[in-house]
Each structure stands twice: as C-alpha cells, then as structure tokens.
>>> print(open('input32.pdb').read())   # PDB, C-alpha atoms
ATOM      1  CA  MET A   1       4.299  -5.741  22.160
ATOM      2  CA  SER A   2       6.428  -2.631  22.558
ATOM      3  CA  PRO A   3       6.704   0.266  20.094
ATOM      4  CA  PRO A   4       9.762   0.403  17.812
ATOM      5  CA  ASP A   5      12.694   2.655  18.695
ATOM      6  CA  ARG A   6      11.978   4.967  15.747
ATOM      7  CA  VAL A   7       8.397   5.996  15.024
ATOM      8  CA  ALA A   8       6.993   7.556  11.875
ATOM      9  CA  SER A   9       6.101  11.221  11.722
ATOM     10  CA  ILE A  10       2.489  12.369  11.465
ATOM     11  CA  ARG A  11       1.072  14.346   8.561
ATOM     12  CA  THR A  12      -1.387  16.766  10.160
ATOM     13  CA  GLU A  13      -2.624  18.464   6.983
ATOM     14  CA  PRO A  14      -5.333  16.738   4.905
ATOM     15  CA  LEU A  15      -4.260  14.631   1.948
ATOM     16  CA  PRO A  16      -4.673  16.536  -1.326
ATOM     17  CA  THR A  17      -7.335  15.670  -3.873
ATOM     18  CA  THR A  18      -5.344  15.415  -7.100
ATOM     19  CA  ARG A  19      -7.863  13.454  -9.158
ATOM     20  CA  ALA A  20     -11.620  13.455  -9.699
ATOM     21  CA  HIS A  21     -12.301  12.124  -6.180
ATOM     22  CA  PRO A  22     -10.629  12.426  -2.776
ATOM     23  CA  PRO A  23      -8.267   9.556  -1.936
ATOM     24  CA  VAL A  24      -9.753   6.554  -0.132
ATOM     25  CA  VAL A  25      -6.417   5.145   1.028
ATOM     26  CA  ALA A  26      -3.045   6.612   2.013
ATOM     27  CA  ILE A  27       0.150   4.857   0.945
ATOM     28  CA  VAL A  28       2.636   5.118   3.840
ATOM     29  CA  GLY A  29       6.240   4.160   3.202
ATOM     30  CA  ALA A  30       7.884   2.022   5.853
ATOM     31  CA  HIS A  31      11.215   3.481   4.681
ATOM     32  CA  GLY A  32      12.632   5.721   1.981
ATOM     33  CA  GLY A  33      12.421   4.212  -1.495
ATOM     34  CA  ALA A  34       9.398   2.065  -0.635
ATOM     35  CA  GLY A  35       7.594   3.103  -3.828
ATOM     36  CA  THR A  36       4.823   5.240  -2.328
ATOM     37  CA  SER A  37       4.808   7.730  -5.211
ATOM     38  CA  THR A  38       4.616   4.997  -7.842
ATOM     39  CA  LEU A  39       1.869   3.080  -6.031
ATOM     40  CA  ALA A  40      -0.171   6.236  -5.454
ATOM     41  CA  ARG A  41       0.209   7.131  -9.135
ATOM     42  CA  TRP A  42      -0.799   3.632 -10.260
ATOM     43  CA  TRP A  43      -3.897   3.424  -8.032
ATOM     44  CA  ALA A  44      -6.257   6.335  -8.666
ATOM     45  CA  PRO A  45      -8.004   6.038  -5.259
ATOM     46  CA  ALA A  46      -4.674   6.377  -3.384
ATOM     47  CA  ALA A  47      -2.564   9.259  -2.058
ATOM     48  CA  ASP A  48       1.171   9.336  -1.351
ATOM     49  CA  CYS A  49       1.708  10.007   2.350
ATOM     50  CA  GLY A  50       5.487   9.585   2.231
ATOM     51  CA  GLN A  51       6.772   8.082   5.467
ATOM     52  CA  ALA A  52       4.182   9.807   7.665
ATOM     53  CA  TRP A  53       0.944   8.551   9.158
ATOM     54  CA  PRO A  54      -2.160  10.412   7.907
ATOM     55  CA  GLY A  55      -3.227  12.321  11.017
ATOM     56  CA  SER A  56      -6.002  14.525   9.641
ATOM     57  CA  VAL A  57      -9.565  13.311  10.177
ATOM     58  CA  GLN A  58     -10.613  15.510   7.226
ATOM     59  CA  THR A  59      -9.291  12.907   4.773
ATOM     60  CA  THR A  60      -8.847   9.160   4.815
ATOM     61  CA  GLN A  61      -6.871   7.471   7.553
ATOM     62  CA  ARG A  62      -7.049   4.074   5.889
ATOM     63  CA  VAL A  63      -3.484   3.028   5.175
ATOM     64  CA  VAL A  64      -1.519   0.665   3.011
ATOM     65  CA  VAL A  65       2.051   0.338   4.269
ATOM     66  CA  ALA A  66       4.550   0.051   1.408
ATOM     67  CA  ALA A  67       7.973  -1.592   1.692
ATOM     68  CA  ARG A  68      10.634  -3.168  -0.490
ATOM     69  CA  LEU A  69      10.912  -6.941  -0.338
ATOM     70  CA  CYS A  70      14.358  -6.982   1.274
ATOM     71  CA  LEU A  71      15.444  -7.456   4.883
ATOM     72  CA  PRO A  72      15.773  -3.706   5.699
ATOM     73  CA  GLY A  73      12.380  -3.064   4.068
ATOM     74  CA  LEU A  74      10.669  -5.856   5.993
ATOM     75  CA  VAL A  75      12.205  -4.763   9.310
ATOM     76  CA  ALA A  76      11.013  -1.182   8.720
ATOM     77  CA  CYS A  77       7.572  -2.499   7.731
ATOM     78  CA  ALA A  78       7.339  -4.614  10.893
ATOM     79  CA  ASP A  79       8.285  -1.510  12.918
ATOM     80  CA  ARG A  80       5.427   0.500  11.367
ATOM     81  CA  LEU A  81       2.966  -2.341  11.991
ATOM     82  CA  ARG A  82       4.081  -2.714  15.625
ATOM     83  CA  GLU A  83       3.799   1.042  16.047
ATOM     84  CA  TRP A  84       0.193   0.839  14.893
ATOM     85  CA  HIS A  85      -0.589  -2.207  17.051
ATOM     86  CA  VAL A  86       0.625  -0.535  20.263
ATOM     87  CA  GLY A  87      -1.344   2.632  19.511
ATOM     88  CA  THR A  88       1.421   5.140  18.776
ATOM     89  CA  ALA A  89       0.000   5.847  15.306
ATOM     90  CA  PRO A  90      -2.645   8.620  15.268
ATOM     91  CA  ASP A  91      -6.152   7.796  16.449
ATOM     92  CA  GLY A  92      -8.302   6.675  13.534
ATOM     93  CA  VAL A  93      -5.507   5.120  11.462
ATOM     94  CA  GLU A  94      -6.623   1.774  10.071
ATOM     95  CA  ILE A  95      -4.123  -0.418   8.248
ATOM     96  CA  VAL A  96      -5.787  -2.196   5.346
ATOM     97  CA  GLY A  97      -2.672  -4.112   4.329
ATOM     98  CA  VAL A  98       0.941  -4.109   3.216
ATOM     99  CA  VAL A  99       2.347  -3.936  -0.306
ATOM    100  CA  LEU A 100       5.780  -5.449  -0.781
ATOM    101  CA  SER A 101       7.512  -4.356  -3.987
ATOM    102  CA  ALA A 102      10.356  -6.400  -5.423
ATOM    103  CA  ALA A 103      13.766  -4.975  -4.549
ATOM    104  CA  ARG A 104      15.322  -6.609  -7.619
ATOM    105  CA  PRO A 105      14.394  -9.046 -10.360
ATOM    106  CA  GLY A 106      14.697 -12.735  -9.628
ATOM    107  CA  ARG A 107      14.361 -15.039  -6.683
ATOM    108  CA  VAL A 108      13.893 -13.744  -3.132
ATOM    109  CA  PRO A 109      16.598 -15.012  -0.714
ATOM    110  CA  ALA A 110      15.503 -17.512   1.966
ATOM    111  CA  SER A 111      16.357 -15.141   4.848
ATOM    112  CA  VAL A 112      14.046 -12.496   3.360
ATOM    113  CA  ARG A 113      11.251 -15.041   2.852
ATOM    114  CA  ARG A 114      11.594 -16.123   6.496
ATOM    115  CA  TYR A 115      11.367 -12.555   7.831
ATOM    116  CA  ARG A 116       8.372 -11.899   5.600
ATOM    117  CA  ALA A 117       6.465 -14.288   7.896
ATOM    118  CA  VAL A 118       6.955 -11.760  10.725
ATOM    119  CA  VAL A 119       5.191  -9.095   8.654
ATOM    120  CA  GLU A 120       2.426 -11.512   7.638
ATOM    121  CA  ASP A 121       1.697 -12.198  11.332
ATOM    122  CA  LEU A 122       1.134  -8.480  11.974
ATOM    123  CA  VAL A 123      -1.431  -7.637   9.277
ATOM    124  CA  GLU A 124      -4.385  -9.233   7.511
ATOM    125  CA  HIS A 125      -3.372  -8.559   3.895
ATOM    126  CA  VAL A 126       0.082  -8.701   2.307
ATOM    127  CA  TRP A 127       0.253  -8.070  -1.435
ATOM    128  CA  ASP A 128       3.213  -8.376  -3.803
ATOM    129  CA  ILE A 129       4.288  -6.194  -6.702
ATOM    130  CA  GLY A 130       6.985  -7.642  -8.956
ATOM    131  CA  TRP A 131       9.972  -6.009 -10.570
ATOM    132  CA  HIS A 132       9.126  -3.865 -13.626
ATOM    133  CA  ASP A 133      12.185  -2.842 -15.668
ATOM    134  CA  GLU A 134      10.280  -0.159 -17.563
ATOM    135  CA  LEU A 135       9.906   1.904 -14.357
ATOM    136  CA  ILE A 136      13.589   2.806 -14.629
ATOM    137  CA  GLU A 137      12.917   4.856 -17.758
ATOM    138  CA  ARG A 138       9.527   6.414 -16.953
ATOM    139  CA  GLU A 139       8.471   9.572 -15.139
ATOM    140  CA  LEU A 140       5.550   9.195 -12.709
ATOM    141  CA  ALA A 141       3.284  11.366 -14.876
ATOM    142  CA  GLU A 142       3.773   8.931 -17.776
ATOM    143  CA  LEU A 143       2.451   5.907 -15.894
ATOM    144  CA  ALA A 144      -1.027   4.580 -16.592
ATOM    145  CA  GLU A 145      -3.364   4.340 -13.624
ATOM    146  CA  PHE A 146      -5.761   1.768 -12.265
ATOM    147  CA  THR A 147      -9.299   2.782 -11.407
ATOM    148  CA  PRO A 148     -11.886   0.447  -9.891
ATOM    149  CA  PHE A 149     -13.645  -1.748 -12.451
ATOM    150  CA  ASP A 150     -10.927  -1.295 -15.094
ATOM    151  CA  PRO A 151     -10.719  -4.319 -17.379
ATOM    152  CA  VAL A 152      -7.711  -6.598 -16.939
ATOM    153  CA  PRO A 153      -4.833  -5.154 -18.993
ATOM    154  CA  ARG A 154      -3.040  -6.992 -21.784
ATOM    155  CA  ARG A 155      -0.200  -9.125 -20.532
ATOM    156  CA  ARG A 156       2.666  -7.121 -22.054
ATOM    157  CA  ALA A 157       1.173  -3.623 -22.206
ATOM    158  CA  ARG A 158       3.586  -0.694 -21.845
ATOM    159  CA  LEU A 159       3.392   1.092 -18.473
ATOM    160  CA  THR A 160       2.191   4.193 -20.306
ATOM    161  CA  GLN A 161      -0.838   2.261 -21.646
ATOM    162  CA  ALA A 162      -1.933   0.166 -18.659
ATOM    163  CA  VAL A 163      -0.789  -0.822 -15.202
ATOM    164  CA  PRO A 164       1.005  -4.190 -14.984
ATOM    165  CA  LEU A 165      -1.129  -7.264 -14.310
ATOM    166  CA  ASP A 166       0.120  -7.606 -10.726
ATOM    167  CA  VAL A 167      -0.634  -3.934 -10.017
ATOM    168  CA  HIS A 168      -4.152  -4.380 -11.434
ATOM    169  CA  HIS A 169      -4.664  -7.539  -9.376
ATOM    170  CA  VAL A 170      -3.486  -5.910  -6.123
ATOM    171  CA  GLY A 171      -5.530  -2.770  -6.898
ATOM    172  CA  SER A 172      -8.678  -4.888  -7.302
ATOM    173  CA  GLU A 173      -7.989  -6.760  -4.065
ATOM    174  CA  LEU A 174      -7.299  -3.474  -2.275
ATOM    175  CA  ILE A 175     -10.637  -2.040  -3.419
ATOM    176  CA  ASP A 176     -12.379  -5.228  -2.212
ATOM    177  CA  ALA A 177     -10.607  -4.989   1.184
ATOM    178  CA  LEU A 178     -11.615  -1.317   1.517
ATOM    179  CA  ALA A 179     -15.233  -2.161   0.656
ATOM    180  CA  ARG A 180     -15.307  -4.984   3.240
ATOM    181  CA  ALA A 181     -13.814  -2.680   5.891
ATOM    182  CA  ALA A 182     -16.423  -0.007   5.157
ATOM    183  CA  LYS A 183     -19.232  -2.581   5.324
ATOM    184  CA  ASN A 184     -17.897  -3.955   8.620
ATOM    185  CA  LEU A 185     -17.783  -0.431  10.074
ATOM    186  CA  ILE A 186     -21.370   0.238   9.005
ATOM    187  CA  ASP A 187     -22.516  -3.109  10.434
ATOM    188  CA  GLN A 188     -20.726  -2.358  13.702
ATOM    189  CA  GLN A 189     -22.304   1.081  13.969
ATOM    190  CA  ASP A 190     -25.761  -0.411  13.249
ATOM    191  CA  SER A 191     -25.300  -3.051  15.956
ATOM    192  CA  GLU A 192     -24.335  -0.379  18.508
ATOM    193  CA  ARG A 193     -27.601   1.522  17.989
TER     194      ARG A 193
END
>>> encode(input="input32.pdb", output="structure tokens")
Amino acid sequence: MSPPDRVASIRTEPLPTTRAHPPVVAIVGAHGGAGTSTLARWWAPAADCGQAWPGSVQTTQRVVVAARLCLPGLVACADRLREWHVGTAPDGVEIVGVVLSAARPGRVPASVRRYRAVVEDLVEHVWDIGWHDELIERELAELAEFTPFDPVPRRRARLTQAVPLDVHHVGSELIDALARAAKNLIDQQDSER
C-alpha cells in the first residue's frame, strides 16, 4: 500500500481541554466540511483536530476520522486511512474508527455505497450519522452534548435538549471501542513484562 498523493498536516501543539476533562479522542476531518466541529461538540470526550493529525504526545492521539457520506468524502477518508496504514501519520496515532455523516437527506447512491466498502476494508469501526435538518439553524454552542452513561434521549428531542439518537448510539459505541483499546494496550504491556 502506498501513501496518498496529498497527506494531512500535523498538529504539534496539544489539544485544548475545553471541558471538565481532557479529550480522549481527536476528531480528524478527512476533508473540509466533514463535521469535525459538530462531532466534537456533540461528544464531550472529543476534540476537534480539523484536518490535521494530533502529533503531540501530551494529549490523546486516538483518532476518529470524520467524512461526509459522498464519493469525494469517502475518497478523502480512504486517503487518510492509507496514510495511517503506511506510517506517514505521526508516531502514536491510533485510529479508533470512522464516522460518516450524511451528505444529504435520503437514499445513498449505489456508487457511494460501493466505495464505502473500500473504507470499511481499511478500518475496524465505521459509524453512521444521519442527516439532521435542525443543524442548519443552530450554532455549535447551542447543541446538547453526549457524555458517557447519558440515558438514551427521547426520539424527537430538539438538538438543544439532547443529541440525536444516532449520535448517542455512535457515542456509546465509540466509548466502548476506546475502553477496549485501552484494555488491550494494558494487557499487551502486562504480557511484555
């Protein structure tokens, strides 16, 4: 596997702590408009890393790659994943999964569904976030946030009151994936002693 023609930049400064605890995962956009700011706002344990890899060992280097569910978004996402696989991402970066956000309401075209399989072959977890019309009329600061162990929100709650059901579901699965990764690392370190 060869690296993509264009590689992501590297953020050398530590990720900021903007909430009660430091972030446990960085949201890295595969392309502009991937929704990193919204996802980082929705998930309290996350930080928006823009389109740059987190290169500072002082904060988390666990990454969720974000992309729109459209052909350009999937191609950019596959490029970031290939970049990581061939080792051109900073040392220590660990990709936990990919979040694909709907590019529009409605059905996903067959060509996009086919290319999605390329992305799924490159990473263990691929999560989906649907289209949410209310985002068009909300500022980031207005959005509710998900924290681990939050109860499941009401089905039609406003985005200012609770995260959408799919965002809650993906947030819960993300926390589980992060916990498994941490446990695997601890088990590996114990076995090496």
>>> closest_atom_pairs(input="input32.pdb", of="region 78-102 of chain A", to="region 167-172 of chain A", cutoff="12 Å", atoms="all atoms listed in the file", output="CSV")
residue,atom,partner,partner_atom,distance
A:Gly97,CA,A:Val170,CA,10.6
A:Val98,CA,A:Val170,CA,10.5
A:Val99,CA,A:Val170,CA,8.5
A:Leu100,CA,A:Val170,CA,10.7
A:Ser101,CA,A:Val167,CA,10.1
>>> closest_atom_pairs(input="input32.pdb", of="region 38-147 of chain A", to="region 174-188 of chain A", cutoff="9 Å", atoms="all atoms listed in the file", output="Markdown table")
| residue | atom | partner | partner_atom | distance |
| --- | --- | --- | --- | --- |
| A:Pro45 | CA | A:Ile175 | CA | 8.7 |
| A:Arg62 | CA | A:Leu178 | CA | 8.3 |
| A:Val64 | CA | A:Leu174 | CA | 8.9 |
| A:Val96 | CA | A:Ala177 | CA | 7.0 |
| A:Gly97 | CA | A:Leu174 | CA | 8.1 |
| A:His125 | CA | A:Ala177 | CA | 8.5 |
| A:Trp127 | CA | A:Leu174 | CA | 8.9 |
>>> resolve_selection(input="input32.pdb", expression="the PyMOL selection byres ((chain A and resi 28) around 9)", output="list in words")
Ala26, Ile27, Gly29, Ala30, His31, Ala34, Thr36, Ala47, Asp48, Cys49, Gly50, Gln51, Ala52, Trp53, Pro54, Val63, Val64, Val65, Ala66 and Ala67 of chain A
>>> atom_distance(input="input32.pdb", atom1="CA of Thr60 (chain A)", atom2="CA of Pro164 (chain A)")
25.8 Å
>>> residues_near_point(input="input32.pdb", point="(2.0, 5.6, -23.7)", cutoff="9 Å", atoms="only C-alpha atoms", output="list in words")
Glu142, Leu143, Ala144, Arg158, Leu159, Thr160, Gln161 and Ala162 of chain A
>>> atom_distance(input="input32.pdb", atom1="CA of Glu124 (chain A)", atom2="CA of Leu71 (chain A)")
20.1 Å
>>> residues_around(input="input32.pdb", residues="region 72-87 of chain A", least_positions_apart="3", cutoff="8 Å", atoms="all atoms listed in the file", output="count of residues only")
25
>>> atom_distance(input="input32.pdb", atom1="CA of Glu192 (chain A)", atom2="CA of Glu94 (chain A)")
19.7 Å
>>> closest_residue(input="input32.pdb", among="A:Ala117, A:Asp128, A:Glu173, A:Ala89", to="Pro148 (chain A)", atoms="only C-alpha atoms")
A:Glu173
>>> closest_residue(input="input32.pdb", among="A:Pro151, A:Pro14, A:Pro23, A:Gly32", to="Gly55 (chain A)", atoms="all atoms listed in the file")
A:Pro14
>>> build_atoms(input="input32.pdb", residues="region 30-41 of chain A", atoms="all heavy atoms", output="compact mmCIF listing (two decimals), in the frame of the given file")
# COMPACT_ATOMS: atom_id res chain seq x y z
N ALA A 30 7.22 2.49 4.65
CA ALA A 30 7.88 2.02 5.85
C ALA A 30 9.30 2.57 5.93
O ALA A 30 9.88 2.65 7.01
CB ALA A 30 7.91 0.49 5.87
N HIS A 31 9.84 2.99 4.79
CA HIS A 31 11.22 3.48 4.68
C HIS A 31 11.32 4.28 3.40
O HIS A 31 10.42 4.23 2.55
CB HIS A 31 12.20 2.30 4.66
CG HIS A 31 11.87 1.30 3.58
ND1 HIS A 31 12.33 1.42 2.29
CD2 HIS A 31 11.09 0.19 3.61
CE1 HIS A 31 11.85 0.41 1.56
NE2 HIS A 31 11.10 -0.35 2.34
N GLY A 32 12.40 5.01 3.23
CA GLY A 32 12.63 5.72 1.98
C GLY A 32 12.80 4.74 0.83
O GLY A 32 13.38 3.67 1.01
N GLY A 33 12.30 5.08 -0.33
CA GLY A 33 12.42 4.21 -1.50
C GLY A 33 11.44 3.06 -1.51
O GLY A 33 11.63 2.09 -2.25
N ALA A 34 10.38 3.15 -0.72
CA ALA A 34 9.40 2.06 -0.64
C ALA A 34 8.44 2.04 -1.82
O ALA A 34 7.68 1.09 -1.98
CB ALA A 34 8.61 2.17 0.67
N GLY A 35 8.46 3.08 -2.65
CA GLY A 35 7.59 3.10 -3.83
C GLY A 35 6.25 3.77 -3.62
O GLY A 35 5.32 3.57 -4.40
N THR A 36 6.12 4.61 -2.60
CA THR A 36 4.82 5.24 -2.33
C THR A 36 4.33 6.09 -3.49
O THR A 36 3.14 6.06 -3.82
CB THR A 36 4.87 6.10 -1.05
OG1 THR A 36 5.88 7.10 -1.20
CG2 THR A 36 5.16 5.25 0.18
N SER A 37 5.22 6.86 -4.10
CA SER A 37 4.81 7.73 -5.21
C SER A 37 4.31 6.91 -6.40
O SER A 37 3.30 7.25 -7.02
CB SER A 37 5.96 8.62 -5.66
OG SER A 37 6.36 9.45 -4.62
N THR A 38 5.01 5.84 -6.71
CA THR A 38 4.62 5.00 -7.84
C THR A 38 3.28 4.31 -7.56
O THR A 38 2.39 4.31 -8.41
CB THR A 38 5.71 3.95 -8.13
OG1 THR A 38 6.93 4.64 -8.41
CG2 THR A 38 5.33 3.07 -9.31
N LEU A 39 3.13 3.75 -6.37
CA LEU A 39 1.87 3.08 -6.03
C LEU A 39 0.70 4.06 -6.03
O LEU A 39 -0.38 3.74 -6.55
CB LEU A 39 1.99 2.38 -4.67
CG LEU A 39 2.98 1.22 -4.62
CD1 LEU A 39 3.17 0.75 -3.18
CD2 LEU A 39 2.54 0.07 -5.52
N ALA A 40 0.90 5.24 -5.47
CA ALA A 40 -0.17 6.24 -5.45
C ALA A 40 -0.51 6.71 -6.86
O ALA A 40 -1.67 7.01 -7.16
CB ALA A 40 0.22 7.42 -4.57
N ARG A 41 0.46 6.76 -7.73
CA ARG A 41 0.21 7.13 -9.14
C ARG A 41 -0.56 6.02 -9.83
O ARG A 41 -1.50 6.26 -10.58
CB ARG A 41 1.54 7.41 -9.85
CG ARG A 41 1.43 7.54 -11.35
CD ARG A 41 0.59 8.72 -11.77
NE ARG A 41 0.38 8.65 -13.21
CZ ARG A 41 -0.45 9.42 -13.86
NH1 ARG A 41 -1.15 10.33 -13.23
NH2 ARG A 41 -0.57 9.30 -15.16
